[in-house]
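Chemist: Questions regarding the structure given below will be posed in turn.
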Amino acid sequence: MNKSKTLVTASTGNIGLPLSKALHEKGIPFTAATRDAEKAFEKFGFETETTPLDFKDPSGFSEALEGVEVLFLCGPSATPGAEKLLVPLVEKAIDSGVKNIVFIASYPNIMDIIENSGRDYTFLKANFFMQNFEMYQKEDIRDQHQLFLPTGKGKAPFVDTHDIGKVAAEVIETPSKYSKETIYITGPEAIDLHQAAAIFSDVLGKDIVYKEPNDEAYSKEMEKRGLSKEYIDAMIAVFGKIKKGEVSQTSDSIEKILGRKPTSLKNYVERNKSIFI
């Protein structure tokens with residue numbers, strides 16, 4: 001049985017890693033769900049209890065969830081069909097007696113399952129991550145001096161996943177304070193990729209241009225780079241939300257919960273400058 005009653009899924013991911021570090025700093029014991037404990041410790045910089053968990057292997061869910069009362073749930077990133085992978089895990093968590101689920105609320109169907117489960121929950125709805133630039137645009141920025149995403153002139157309040165992780169840690173520390181809430185987490189302002197390119201240019205000291213590709217041009221370029229049609233279509237759908245103006249709203253959740261302004265894109269690029277040079 002797990003000694004810790006808190007289980008963190010995707011513990012070395014974009015949100016799970018800063019959350020794990022924030023929980024450690026707070027002295028809150030947790031179990032890190034991971035496929036490789038040794039690599040997880042290297043990323044954490046400390047040791048903690050771990051349990052093996054693979055979203056694609058439901059046979060391990062029961063053991064991972066044994067004794068867990070609080071589940072931090074974050075789906076696998078950049079994975080087609082991720083929503084379907086999460087359903088068995090959520091259902092097993094409910095059956096196993098998990099009392100509280102803190103969910104990075106990316107999928108309405110999963111939210112419905114949790115809401116209807118009778119369990120307590122908090123949904124964290126985060127906007128587009130600043131870390132997406134290093135995940136999807138690092139080579140474009142570094143080698144091609146460009147941003148190449150099909151977002152058009154749409155705007156988004158890009159948010160630092162470090163901020164999301166710290167908010168999640170606050171929720172896990174006092175879950176009753178945020179019971180049955182949906183917390184929208186955004187960066188300080190909505191900007192388009194022309195503005196983002198100007199920020200990268202200023203910090204990096206080189207001219208970065210947003211090429212503003214349409215869906216067809218983006219799809220053709222990604223095919224040349226060897227990406228599957230399923231993956232490309234999924235990315236177009238995701239970034240299309242920015243293009244359509246569906247995610248331009250901002251919130252003051254970070255300031256209310258953490259007592260400070262959210263990290264700006266300029267701060268993020270300055271902190272990660274070496275990645276893009």
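Chain labels follow the order of the structure tokens: the first chain is A, the next B, and so on; residue numbering restarts at 1 in every chain, and ligands are counted from 1 in their shown order.
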Check stretch 83-272 of chain A with DSSP on the backbone and list each residue it calls strand (DSSP E or B), as a PyMOL selection string.

Modeler: chain A and resi 100-104+120-126+129+146-147+156+159+181-185+191+209-210

Chemist: With C-alpha atoms retained, write the just-selected residues as a short mmCIF file (atom, residue, chain, number, x, y, z; two decimals), in the first residue's frame.

Modeler:
data_model
loop_
_atom_site.label_atom_id
_atom_site.label_comp_id
_atom_site.auth_asym_id
_atom_site.auth_seq_id
_atom_site.Cartn_x
_atom_site.Cartn_y
_atom_site.Cartn_z
CA ASN A 100 -10.70 13.94 -4.39
CA ILE A 101 -9.61 14.38 -8.01
CA VAL A 102 -7.65 17.43 -9.14
CA PHE A 103 -7.89 17.33 -12.92
CA ILE A 104 -6.15 19.33 -15.63
CA ASP A 120 -14.97 15.76 -4.63
CA TYR A 121 -12.97 17.48 -7.34
CA THR A 122 -11.28 20.61 -8.59
CA PHE A 123 -10.88 21.29 -12.30
CA LEU A 124 -7.90 23.32 -13.46
CA LYS A 125 -8.55 24.67 -16.94
CA ALA A 126 -5.23 25.96 -18.19
CA PHE A 129 1.29 26.64 -22.36
CA GLN A 146 10.41 31.65 -37.21
CA LEU A 147 7.20 30.67 -35.44
CA ALA A 156 -4.12 33.44 -26.39
CA VAL A 159 0.61 30.47 -19.34
CA GLU A 181 -14.50 24.64 -8.42
CA THR A 182 -13.33 25.10 -11.98
CA ILE A 183 -10.29 27.34 -11.87
CA TYR A 184 -9.28 29.05 -15.10
CA ILE A 185 -5.53 29.60 -15.23
CA ILE A 191 -1.29 38.00 -27.44
CA VAL A 209 9.12 36.12 -37.64
CA TYR A 210 5.68 34.57 -37.38
#

Chemist: DSSP on the backbone, alpha helix (DSSP H) only: what residues of stretch 6-212 of chain A does that give? Format it as a ChimeraX atom specification.

Modeler: /A:16-26,37-44,61-65,82-95,108-115,132-136,138-139,161-173,193-204

Chemist: Under the rule of at most 7 Å, produce a per-residue listing of stretch 121-178 of chain A near stretch 240-246 of chain A: chain, number, name, the closest pair of atoms, and the distance in Å, as JSON lines, using only C-alpha atoms.

Modeler:
{"residue": "A:Pro150", "atom": "CA", "partner": "A:Gly240", "partner_atom": "CA", "distance": 6.9}
{"residue": "A:Thr151", "atom": "CA", "partner": "A:Lys243", "partner_atom": "CA", "distance": 4.4}
{"residue": "A:Gly152", "atom": "CA", "partner": "A:Lys243", "partner_atom": "CA", "distance": 5.1}
{"residue": "A:Lys153", "atom": "CA", "partner": "A:Lys243", "partner_atom": "CA", "distance": 6.3}
{"residue": "A:Gly154", "atom": "CA", "partner": "A:Lys243", "partner_atom": "CA", "distance": 4.2}
{"residue": "A:Lys155", "atom": "CA", "partner": "A:Ile242", "partner_atom": "CA", "distance": 5.9}
{"residue": "A:Ala156", "atom": "CA", "partner": "A:Ile242", "partner_atom": "CA", "distance": 6.1}

Chemist: Which is closest to A:Leu204 among A:Lys261, A:Arg119, A:His145, A:Lys43, if we use only C-alpha atoms?

Modeler: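 Using only C-alpha atoms, A:Leu204 sits closest to A:His145.
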
Chemist: Have a look at A:Asn272, A:Ser59, A:Asn127, A:Thr6 and name the one nearest to A:Ser251; count only C-alpha atoms.

Modeler: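 Closest residue, counting only C-alpha atoms: A:Asn127.
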
Chemist: For A:Val167, which residue among A:Asp140, A:Glu66, A:Ala234, A:Pro262 is the nearest when counting only C-alpha atoms?

Modeler: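 For A:Val167, the nearest of the candidates is A:Pro262.
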
Chemist: Restricting the calculation to only C-alpha atoms: of A:Leu258, A:Ile113, A:Met130, A:Leu71, which residue gets closest to A:Arg271?

Modeler: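 Checking each of A:Leu258, A:Ile113, A:Met130, A:Leu71 against A:Arg271, counting only C-alpha atoms, the winner is A:Met130.
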
Chemist: Mind pulling up the distance from atom CA of A:Ala33 to atom CA of A:Leu53?

Modeler: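 Atom-to-atom, atom CA of A:Leu53 and atom CA of A:Ala33 are spaced 5.5 Å apart.
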
Chemist: Between atom CA of A:Ser106 and atom CA of A:Phe148, what distance in Å does the model show, to one decimal?

Modeler: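 Spanning atom CA of A:Ser106 to atom CA of A:Phe148 is a straight-line distance of 23.4 Å.
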
Chemist: Calculated over only C-alpha atoms, which of the candidates A:Lys56, A:Arg225, A:Ser62, A:Val70 has the smallest distance to A:Val171?

Modeler: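 Using only C-alpha atoms, the shortest distance to A:Val171 belongs to A:Val70.
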